[in-house]
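Participant: Pasting a structure below so you can have a look.
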Amino acid sequence: MAGPSKTPRIEEYEGPAGGYGSLRAVGGILLREEIPGRIATLQHQNKPDGYMCVSCSWAKPPEPLPFEYCENGAKATAWETTRRRVEPDFFQKHSLAELEGWLDYHLEEAGRLTEPMRWDPATDRYLPVSWESAFEEIGRELGALRADPDQVIFYTSGRASLEASYMFQLLARLYGTNNLPDSSNMCHESTSVALPESIGAPVGTITLQDFDQTDLILYLGHNIATTAPRMLHQFQHAKQRGATIISVNPLRERGLERFTDPQSPREMLTGSETQISDAILQVRVGGDLAALTGICKALIAMDDAAGAGPTDKAALREDTENDAAYGVKAAAARATSRRVLDHDFIAAHTTGFDALADHCRSAEWAEIEHVSGLSRSQLEEVAATYARADRCMALYGMGLTQHVGGVETVQMLANLLLLRGNIGKPGTGICPVRGHSNVQGQRTVGITEKPDLVPLDRLEELYGFKAPRHEGYSTVAGLEAMLAGKLRAFVALGGNVVRAAPDQPRVEAAWRKLRLTVAIATKLNRSHVVHGEIAYLLPCLGRLEIDEQASGPQMVSIESSVAQFHGSWGQVKPASDSLRSEPAIIAGIAQATLPPNPRIPWQDWVGDYGLVRDAIERTWPTTFTRFNERIRHPGGFPRPLAARERSWSTHTGKANFLLPTRLFAGAPDTLDLPDVLQLTTFRSNDQFNTTIYGYHDRFRGVRGTRLVVFMNQADIARLGLEADAAVDIETALDTDGAVRRVEGFRVLPYDIPPGCCGAYFPEANPLVPLSHRDTRAHTPAYKAIPVRVTRSRAAQPRIG
């Protein structure tokens, strides 16, 4: 049984990441979705002539493995290519009031949407409508709001292609607004604010090739086996050639511990496993910033004791008679200058070192230990390991970014790398591991509320219009505007905003008051059954489906987590003949909404996506040079990043050491309250973002329920609870006088640091106030949520 159970089971899983557990899970979902023959489709996944996975954003290698997909990638493919269909008769059987009571799993499990639909208030059902009628009314409603275009939001989920994203951002700006929030606002916006200030790049700097040369991998705040399992192959290969891996995470996730490669007959037959992490530091929730400060402090202390400093090149020249002698002595001097810190790199490439060093020296070990939950000796050992490694890379996830202090935490990680020159040479760099498969690329082609990040002058020149210059709404700012009654329409290119958002009950109430909600989607979700006064469902082709247009089958393009652009070709027959592609739907809305513009060939673009890529290249000629040619290369082509060449596109012209203002990345004044735990939210092994594939979190041993709170045994005893007790969880923040509570959760004793607890996203989202967010990036703080866990008024935990 894949769904929730009246009798859920908690049973420890002994297996590794990968192995037979992954094979059974893949086989199970293929059978459940009635598509056992789709194993042939999977052969094309992440291959040079195939499609990019619709799940995570890890790169497509130029020389792929025979099976270049992981368990969760296979689940995503099965989920999209299911034989189940949501046809018009489905809504004849189910009103939207009824569907509101369905779980997320059951809504999406119903199948693929097949025809455009409009909500009928008389029957409370979606009814079929022609594409032409849908575009006409949507255009009329948007046109009526155009006197104040900031009443409308154009939202993008992270899976839309570069071509669709470019057209969507152009539609919004022609309409008159920069209200272009996206799912990145809720996950890695902290990265997008932090890294440009630190190193002058908004994205990570590593490449797949760097894994072959690195000596040390620091891996923070990310669950590799659930969110990016294909990356385990790079980790395994690095370990096999002798690299060290240190993981920092509140939970000892299985993928951090051990891995059996399902593609290795030897490993599968012998049951052999690769130990992934040499050390796992179970940091307290919200304590990563303190831990990084402690590592930097220990490193600087080691350097102070060594007495190293930058090379005096002028004195070296005076002391040598010829170039050969100078070269020998310079090489020796460089080695000395990098005895602990890389002083030559710091002097030539950075600013702010002295202030950072003083900050770290003055930080108290007692406070660092308390906030991080790690001992001084643990952090000093990490510093010593780091100092011994010639080349180090750091990868991180939302365990760093989704904090009140997310930006500062990312910048402290960049500080650590800069101390030893670990950016801009082979085997080094920083990598934010993005969640959705093109969430990074959308920002590259203009999906952003920040006009300074888009070449508006170039868009005006190309398309003959006056682009809006004021900042638009981010996701959180847009939701706040909606709560304040300032929004009238929400056009969503994918996604499930209502379910992904913080403060879900308040957001849903405001969502219902919108005049217009338009959803471009493949499957039904909660953001469709909760809706505005006028609501449209516009079903689109999935990325895996053959996209036949006037010029023939189309390719789309994607940007991966390592800033590599890849082509993607659909392979399967569309779920319905009535489906339209995302570019076609965007063009239809644009033509119905905007006055004709002879410079914008909407229908030509729909007929040939290569023309859209030409337009993207004209807009960003340096980034997308020879776009249509290079996107067909195996492995794609890299996004040019100056930081990879140790050129720093910052205001100072150098990489910047930046000082944090805190040690605890959560809400101040909540860390030491005696009855308060710091809650972190995370995914199960059986989900991707808000999509729930099933109710079996294999690695954590949870089957048949998602209403679980993971707690340290000492906290369970201290709070007078016991395993399996029914509990309520309430937010311990007095932001607006509102009570935020989820009820009927089940207590699960788990290996998590004292004072911390965990629950699944998005079930715990109602606990997160919109105001609980990073102070600069406004990323919702789904981590370090101060909560109180109390015995429930209900006798038994809820089913779900």
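By convention in this document, the chains of the structure tokens carry letters A, B, ... by their order, each chain's residues are numbered from 1, and ligands are numbered from 1 in the order they are shown.
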Give me the residues near region 263-271 of chain A as a ChimeraX atom specification, where near means some atom within 9 Å (using only C-alpha atoms) and where sequence neighbours in that chain fewer than 6 positions away do not count.
Facilitator: /A:19-20,65-67
Participant: Find the nearest atom pair between each residue of region 596-647 of chain A and region 157-178 of chain A for residues within 8 Å, count only C-alpha atoms, give distances in Å to one decimal, sort rows by chain and ascending number, and present the table as CSV.
Facilitator:
```
residue,atom,partner,partner_atom,distance
A:Tyr609,CA,A:Glu163,CA,6.8
A:Val612,CA,A:Glu163,CA,6.0
A:Arg613,CA,A:Glu163,CA,6.6
A:Ile616,CA,A:Tyr166,CA,7.2
```
Participant: With only C-alpha atoms as the counted atoms, please give the residues lying no more than 7 Å from Ser581 (chain A), apart from itself and same-chain residues fewer than 2 positions off, as a list in words.
Facilitator: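 Near neighbours after the sequence-gap exclusion: Cys540, Leu541, Asp547, Leu579, Pro583, Ala584 and Ile585 of chain A.
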Participant: Could the residues in this selection be saved with N, CA, C and O atoms as an mmCIF file, in the first residue's frame?
Facilitator:
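Written file, selection37.cif:
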```
data_model
loop_
_atom_site.group_PDB
_atom_site.id
_atom_site.type_symbol
_atom_site.label_atom_id
_atom_site.label_comp_id
_atom_site.auth_asym_id
_atom_site.auth_seq_id
_atom_site.Cartn_x
_atom_site.Cartn_y
_atom_site.Cartn_z
ATOM 1 N N CYS A 540 -0.656 21.077 -19.635
ATOM 2 C CA CYS A 540 0.461 21.232 -20.562
ATOM 3 C C CYS A 540 1.180 19.908 -20.771
ATOM 4 O O CYS A 540 1.050 18.965 -19.992
ATOM 5 N N LEU A 541 1.957 19.852 -21.834
ATOM 6 C CA LEU A 541 2.850 18.731 -22.065
ATOM 7 C C LEU A 541 3.893 18.666 -20.950
ATOM 8 O O LEU A 541 4.357 19.699 -20.463
ATOM 9 N N ASP A 547 7.104 16.795 -28.156
ATOM 10 C CA ASP A 547 6.517 18.122 -28.363
ATOM 11 C C ASP A 547 6.584 18.437 -29.854
ATOM 12 O O ASP A 547 7.578 18.949 -30.359
ATOM 13 N N LEU A 579 -3.486 18.431 -25.103
ATOM 14 C CA LEU A 579 -2.456 19.160 -24.369
ATOM 15 C C LEU A 579 -1.734 20.143 -25.282
ATOM 16 O O LEU A 579 -1.545 19.889 -26.473
ATOM 17 N N PRO A 583 5.301 26.784 -23.949
ATOM 18 C CA PRO A 583 5.427 27.962 -24.812
ATOM 19 C C PRO A 583 4.140 28.310 -25.556
ATOM 20 O O PRO A 583 3.811 29.495 -25.711
ATOM 21 N N ALA A 584 3.396 27.298 -26.002
ATOM 22 C CA ALA A 584 2.154 27.574 -26.725
ATOM 23 C C ALA A 584 1.118 28.227 -25.815
ATOM 24 O O ALA A 584 0.394 29.141 -26.234
ATOM 25 N N ILE A 585 1.020 27.774 -24.578
ATOM 26 C CA ILE A 585 0.054 28.357 -23.634
ATOM 27 C C ILE A 585 0.450 29.782 -23.293
ATOM 28 O O ILE A 585 -0.393 30.689 -23.239
#
```
Participant: Find the spatial neighbours of region 734-742 of chain A, counting only C-alpha atoms, within a cut-off of 6 Å - ignore same-chain residues fewer than 5 positions away - and output them as a PyMOL selection string.
Facilitator: chain A and resi 728-729+767
Participant: Determine, counting only C-alpha atoms, which protein, DNA and RNA residues have an atom within 7 Å of an atom of region 641-652 of chain A; residues of the same chain fewer than 6 positions away are not included. Present the result as a ChimeraX atom specification.
Facilitator: /A:196-197,199-201,205,423-425
Participant: Which residues are close to Leu707 (chain A), i.e. within 7 Å by only C-alpha atoms, leaving aside same-chain residues fewer than 5 positions away? Reply as a PDB file with C-alpha atoms, in the first residue's frame.
Facilitator:
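What follows is the written file result03.pdb:
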```pdb
ATOM      1  CA  PHE A 745       1.200  14.046  15.129  1.00  0.00           C
ATOM      2  CA  ARG A 746       2.962  10.900  16.328  1.00  0.00           C
ATOM      3  CA  GLY A 800      -2.257  11.035   6.975  1.00  0.00           C
TER       4      GLY A 800
END
```
Participant: Tell me, in Å to one decimal, how far CA of Val727 (chain A) is from CA of Arg798 (chain A).
Facilitator: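 Spanning CA of Val727 (chain A) to CA of Arg798 (chain A) is a straight-line distance of 9.8 Å.
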Participant: Excluding same-chain residues fewer than 4 positions from Ile300 (chain A), what lies within 9 Å of it counting only C-alpha atoms, as a compact mmCIF listing (two decimals) with N, CA, C and O atoms, in the first residue's frame?
Facilitator:
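Okay, this is what ended up in out36.txt:
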```
# COMPACT_ATOMS: atom_id res chain seq x y z
N ILE A 295 35.09 26.47 12.97
CA ILE A 295 36.11 25.91 12.08
C ILE A 295 37.06 27.02 11.61
O ILE A 295 38.29 26.84 11.60
N CYS A 296 36.50 28.16 11.23
CA CYS A 296 37.35 29.29 10.82
C CYS A 296 38.22 29.76 11.98
O CYS A 296 39.40 30.09 11.79
N ASP A 304 47.92 31.49 13.04
CA ASP A 304 48.63 32.40 13.95
C ASP A 304 49.83 31.71 14.57
O ASP A 304 50.92 32.28 14.69
N ALA A 305 49.63 30.47 14.98
CA ALA A 305 50.72 29.72 15.61
C ALA A 305 51.84 29.41 14.62
O ALA A 305 53.02 29.37 15.00
N VAL A 340 48.89 27.19 6.46
CA VAL A 340 47.53 26.96 6.94
C VAL A 340 46.57 27.76 6.05
O VAL A 340 45.83 27.20 5.26
N LEU A 341 46.60 29.07 6.15
CA LEU A 341 45.83 29.91 5.25
C LEU A 341 46.65 30.18 3.99
O LEU A 341 47.89 30.10 4.02
N ALA A 357 39.18 37.77 10.56
CA ALA A 357 40.08 37.11 11.51
C ALA A 357 39.84 37.61 12.92
O ALA A 357 39.79 36.82 13.88
N CYS A 360 36.57 36.13 14.27
CA CYS A 360 36.69 34.73 14.66
C CYS A 360 37.52 34.57 15.92
O CYS A 360 37.19 33.75 16.80
N ARG A 361 38.59 35.35 16.05
CA ARG A 361 39.42 35.26 17.25
C ARG A 361 38.62 35.63 18.49
O ARG A 361 38.81 35.07 19.57
N LEU A 419 39.60 31.25 2.75
CA LEU A 419 40.76 31.27 3.64
C LEU A 419 41.92 30.45 3.08
O LEU A 419 43.09 30.75 3.35
```
Participant: Could you give me, as a list in words, each residue of region 9-146 of chain A that DSSP assigns to strand (DSSP E or B) when run on this structure's backbone?
Facilitator: Arg9, Ile10, Ala17, Gly18, Gln45, Tyr51, Arg85, Val86, Arg112, Leu113, Met117, Arg118, Trp119, Asp120, Arg125, Tyr126, Leu127 and Pro128 of chain A
Participant: Of the candidates A:Val507, A:Ile600, A:Val193, A:Met393, which shows the shortest atom-to-atom distance to Asp212 (chain A), using only C-alpha atoms?
Facilitator: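 Answer, going by the shortest atom-to-atom distance: A:Met393.
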Participant: Rounded to one decimal place, report the CA of Asp675 (chain A)-CA of Pro762 (chain A) distance in Å.
Facilitator: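 Answer for the CA of Asp675 (chain A) to CA of Pro762 (chain A) separation: 23.9 Å.
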Participant: Can you list every residue in region 429-564 of chain A that DSSP puts in alpha helix (DSSP H), as a PyMOL selection string?
Facilitator: chain A and resi 439-444+456-463+475-483+497-500+504-511+526-529
Participant: How many Å lie between CA of Arg140 (chain A) and CA of Thr593 (chain A), rounded to one decimal?
Facilitator: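 A separation of 6.7 Å between them.
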Participant: Please determine, counting only C-alpha atoms, which residue among A:Thr691, A:Asn685, A:Thr522, A:Ser377 has the shortest atom-to-atom distance to Ala575 (chain A).
Facilitator: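 Among the listed residues, A:Thr522 lies closest to Ala575 (chain A).
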